[in-house]
$ cat run-v1.tsv   # TSV, C-alpha atoms
chain	number	residue	atom	x	y	z
A	14	MET	CA	0.68	7.63	19.05
A	15	MET	CA	-2.05	9.98	17.93
A	16	LYS	CA	-1.47	12.10	14.83
A	17	GLY	CA	-3.26	15.13	13.57
A	18	ASN	CA	-6.18	16.87	15.14
A	19	ILE	CA	-8.06	13.91	16.58
A	20	LYS	CA	-11.30	14.95	18.24
A	21	SER	CA	-12.23	11.46	19.34
A	22	ASN	CA	-10.52	8.65	21.16
A	23	LYS	CA	-12.74	6.11	19.45
A	24	GLN	CA	-10.78	3.12	18.25
A	25	TYR	CA	-11.36	0.46	15.66
A	26	ILE	CA	-10.29	-3.11	16.46
A	27	PRO	CA	-9.94	-5.26	13.32
A	28	ILE	CA	-11.56	-8.68	13.14
A	29	ASN	CA	-8.96	-9.83	10.60
A	30	MET	CA	-5.88	-8.63	12.49
A	31	GLU	CA	-3.47	-10.34	10.08
A	32	LYS	CA	-4.51	-7.89	7.33
A	33	TYR	CA	-3.77	-4.77	9.35
A	34	CYS	CA	-0.19	-3.57	8.72
A	35	GLY	CA	-0.23	-0.27	10.62
A	36	LYS	CA	0.33	0.79	14.19
A	37	TYR	CA	-2.14	0.27	16.99
A	38	PRO	CA	-4.38	1.65	18.28
A	39	ILE	CA	-6.39	2.60	15.20
A	40	TYR	CA	-8.04	5.94	15.98
A	41	ILE	CA	-11.10	6.82	13.93
A	42	LYS	CA	-12.36	10.36	13.62
A	43	SER	CA	-15.81	9.77	12.17
A	44	SER	CA	-18.51	7.24	11.45
A	45	TRP	CA	-17.42	7.46	7.80
A	46	GLU	CA	-13.91	6.29	8.72
A	47	GLU	CA	-15.36	3.55	10.91
A	48	LYS	CA	-17.50	2.33	8.01
A	49	PHE	CA	-14.46	2.26	5.73
A	50	CYS	CA	-12.35	0.41	8.33
A	51	LYS	CA	-15.02	-2.30	8.41
A	52	TRP	CA	-15.09	-2.45	4.62
A	53	LEU	CA	-11.30	-2.88	4.45
A	54	ASP	CA	-11.32	-5.39	7.29
A	55	TYR	CA	-14.03	-7.63	5.81
A	56	ASN	CA	-13.26	-7.28	2.09
A	57	LYS	CA	-11.69	-10.54	0.88
A	58	ASP	CA	-9.92	-8.75	-2.00
A	59	VAL	CA	-8.05	-6.44	0.41
A	60	ILE	CA	-4.94	-8.29	1.64
A	61	GLU	CA	-3.43	-5.49	3.75
A	62	TRP	CA	-4.44	-2.10	5.03
A	63	SER	CA	-3.48	0.59	7.50
A	64	SER	CA	-4.70	3.88	8.93
A	65	GLU	CA	-2.67	7.11	8.81
A	66	SER	CA	0.53	5.17	8.15
A	67	ILE	CA	1.84	7.17	5.18
A	68	ARG	CA	3.64	10.48	5.62
A	69	ILE	CA	3.53	12.95	2.71
A	70	SER	CA	5.17	16.39	2.74
A	71	TYR	CA	3.25	19.29	1.25
A	72	VAL	CA	3.33	23.08	1.26
A	73	ASP	CA	0.45	24.81	3.05
A	74	PRO	CA	-0.43	27.70	0.72
A	75	THR	CA	-2.36	29.55	3.44
A	76	LYS	CA	0.62	30.04	5.73
A	77	GLY	CA	3.94	31.62	4.97
A	78	LYS	CA	7.19	30.52	6.53
A	79	ASN	CA	6.94	33.31	9.09
A	80	GLY	CA	3.25	33.15	9.95
A	81	TYR	CA	-0.29	33.34	8.65
A	82	LEU	CA	-0.67	34.63	5.09
A	83	ASP	CA	2.65	36.46	4.96
A	84	ASN	CA	2.88	35.92	1.16
A	85	ILE	CA	6.07	33.90	1.40
A	86	SER	CA	5.81	30.69	-0.64
A	87	GLY	CA	3.99	28.61	2.01
A	88	LYS	CA	4.92	26.52	5.01
A	89	ASN	CA	6.11	22.92	4.85
A	90	ARG	CA	3.69	20.52	6.51
A	91	VAL	CA	3.08	16.79	6.77
A	92	TYR	CA	-0.09	15.06	5.59
A	93	TYR	CA	-1.19	11.63	6.82
A	94	PRO	CA	-3.85	10.30	4.41
A	95	ASP	CA	-6.58	8.32	6.14
A	96	PHE	CA	-5.90	4.86	4.70
A	97	TYR	CA	-3.61	2.65	2.67
A	98	CYS	CA	-4.72	-0.66	1.18
A	99	LYS	CA	-3.39	-3.35	-1.10
A	100	TYR	CA	-5.63	-5.61	-3.15
A	101	ARG	CA	-5.10	-9.26	-3.98
A	102	ASN	CA	-4.33	-8.23	-7.59
A	103	GLY	CA	-1.35	-6.15	-6.34
A	104	LYS	CA	-2.90	-2.69	-6.79
A	105	LYS	CA	-2.19	-0.27	-3.96
A	106	TYR	CA	-4.27	2.72	-2.92
A	107	VAL	CA	-3.91	5.72	-0.66
A	108	ILE	CA	-7.37	6.85	0.40
A	109	GLU	CA	-8.70	10.05	1.93
A	110	ILE	CA	-12.20	10.29	3.41
A	111	LYS	CA	-13.61	13.82	3.04
A	112	PRO	CA	-16.96	15.58	2.87
A	113	GLU	CA	-17.62	16.42	-0.77
A	114	LYS	CA	-17.90	20.12	0.08
A	115	HIS	CA	-14.24	20.08	1.20
A	116	THR	CA	-13.05	18.75	-2.16
A	117	ARG	CA	-14.25	21.61	-4.34
A	118	ARG	CA	-13.87	25.38	-4.35
A	119	PRO	CA	-16.65	26.90	-2.23
A	120	SER	CA	-19.38	28.98	-3.80
A	121	LYS	CA	-19.48	32.66	-2.93
A	122	LYS	CA	-23.20	32.74	-3.62
A	123	GLY	CA	-25.85	32.55	-0.93
A	124	LYS	CA	-26.13	34.03	2.53
A	125	LYS	CA	-22.78	32.97	3.96
A	126	SER	CA	-20.78	35.42	6.02
A	127	LYS	CA	-17.45	36.67	4.70
A	128	LYS	CA	-15.75	34.81	7.56
A	129	THR	CA	-17.45	31.52	6.56
A	130	ILE	CA	-16.51	31.97	2.90
A	131	LEU	CA	-12.87	32.71	3.82
A	132	GLU	CA	-12.67	29.67	6.12
A	133	ARG	CA	-14.13	27.36	3.47
A	134	GLU	CA	-11.68	28.77	0.92
A	135	ARG	CA	-8.80	28.17	3.35
A	136	ILE	CA	-9.89	24.54	3.88
A	137	PHE	CA	-10.20	24.02	0.13
A	138	LEU	CA	-6.72	25.45	-0.56
A	139	ILE	CA	-5.09	23.29	2.12
A	140	ASN	CA	-6.92	20.14	0.99
A	141	ASN	CA	-6.04	20.84	-2.64
A	142	ALA	CA	-2.34	21.16	-1.72
A	143	LYS	CA	-2.51	17.90	0.26
A	144	PHE	CA	-4.28	16.07	-2.55
A	145	GLU	CA	-1.82	17.25	-5.21
A	146	ALA	CA	1.12	16.19	-3.04
A	147	ALA	CA	-0.53	12.79	-2.46
A	148	LYS	CA	-1.18	12.29	-6.19
A	149	ASN	CA	2.45	13.07	-6.99
A	150	TRP	CA	3.75	10.84	-4.18
A	151	CYS	CA	1.50	7.95	-5.24
A	152	LYS	CA	2.58	8.29	-8.87
A	153	LYS	CA	6.24	7.97	-7.82
A	154	MET	CA	5.41	4.96	-5.63
A	155	GLY	CA	3.24	3.16	-8.22
A	156	MET	CA	0.06	3.66	-6.19
A	157	ASN	CA	-3.30	5.29	-6.76
A	158	PHE	CA	-4.73	8.19	-4.75
A	159	VAL	CA	-8.48	8.21	-4.17
A	160	ILE	CA	-10.73	10.66	-2.36
A	161	LEU	CA	-13.93	9.09	-1.05
A	162	THR	CA	-16.84	11.35	-0.16
A	163	GLU	CA	-20.31	10.65	1.12
A	164	LYS	CA	-21.32	10.11	-2.53
A	165	GLN	CA	-19.15	6.97	-2.75
A	166	LEU	CA	-19.44	5.84	0.89
A	167	PHE	CA	-23.22	5.94	1.00
A	168	ARG	CA	-24.13	5.17	-2.60
A	169	GLY	CA	-27.34	3.21	-2.79
A	170	LYS	CA	-28.59	4.12	0.67
$ encode --input "run-v1.tsv" --output "structure tokens"
Amino acid sequence: MMKGNIKSNKQYIPINMEKYCGKYPIYIKSSWEEKFCKWLDYNKDVIEWSSESIRISYVDPTKGKNGYLDNISGKNRVYYPDFYCKYRNGKKYVIEIKPEKHTRRPSKKGKKSKKTILERERIFLINNAKFEAAKNWCKKMGMNFVILTEKQLFRGK
């Protein structure tokens, strides 16, 4: 079953199938996610992992209960972080793969159109709400929430 706004039907097939604890097929949305799947699959310290297997409720601050930006407290949504993994030492992580520019408030400087600035702000607000909900959920569950950007994924290249 596909979740979210998947733009690709590309699938990842694990080499170490016994480590994968999620549902099949594993849909990947980007080359970044594919790279991370391989890392999880081949890493000897990772004893189990899954893709989009955790469901976290959050409130979308950009949409009211009755429609777009109606100034009513936000709309309840569900967030499926990209990955879950458990290390040999028992530590568990929930991991989101995101472009770095989607993890920080956008700059209003430069030659961006008002429409572009508003869309980037909307993406930031939604992501921030998702990330806060994930941090809180992980804290309750004794897990760690991590956002990986191109800075971590492609360090040293």
$ closest_residue --input "run-v1.tsv" --among "A:Thr116, A:Asn89, A:Ser70, A:Thr162" --to "Asn149 of chain A" --atoms "all atoms listed in the file"
A:Ser70
$ residues_around --input "run-v1.tsv" --residues "Gln165 of chain A" --least-positions-apart "6" --cutoff "12 Å" --atoms "all atoms listed in the file" --output "MDAnalysis selection string"
chainID A and resid 45 48:49 109:113 159
$ closest_residue --input "run-v1.tsv" --among "A:Phe137, A:Tyr55, A:Trp150, A:Tyr37" --to "Pro74 of chain A" --atoms "all atoms listed in the file"
A:Phe137
$ residues_near_point --input "run-v1.tsv" --point "(1.4, 24.2, 5.5)" --cutoff "8 Å" --atoms "only C-alpha atoms" --output "list in words"
Tyr71, Val72, Asp73, Pro74, Thr75, Lys76, Gly77, Gly87, Lys88, Asn89, Arg90, Val91 and Ile139 of chain A
$ atom_distance --input "run-v1.tsv" --atom1 "atom CA of Ile136 of chain A" --atom2 "atom CA of Lys124 of chain A"
18.9 Å
$ atom_distance --input "run-v1.tsv" --atom1 "atom CA of Ile41 of chain A" --atom2 "atom CA of Asp54 of chain A"
13.9 Å
$ atom_distance --input "run-v1.tsv" --atom1 "atom CA of Asn29 of chain A" --atom2 "atom CA of Glu47 of chain A"
14.8 Å
$ closest_residue --input "run-v1.tsv" --among "A:Pro119, A:Glu61, A:Lys42, A:Tyr106" --to "Leu138 of chain A" --atoms "all atoms listed in the file"
A:Pro119
$ closest_residue --input "run-v1.tsv" --among "A:Arg118, A:Pro27, A:Asn22, A:Glu46" --to "Ile130 of chain A" --atoms "only C-alpha atoms"
A:Arg118
$ residues_around --input "run-v1.tsv" --residues "Asp95 of chain A" --least-positions-apart "5" --cutoff "6 Å" --atoms "only C-alpha atoms" --output "ChimeraX atom specification"
/A:64-65,108-109
$ closest_residue --input "run-v1.tsv" --among "A:Tyr97, A:Tyr40, A:Trp52, A:Phe158" --to "Ser66 of chain A" --atoms "only C-alpha atoms"
A:Tyr97
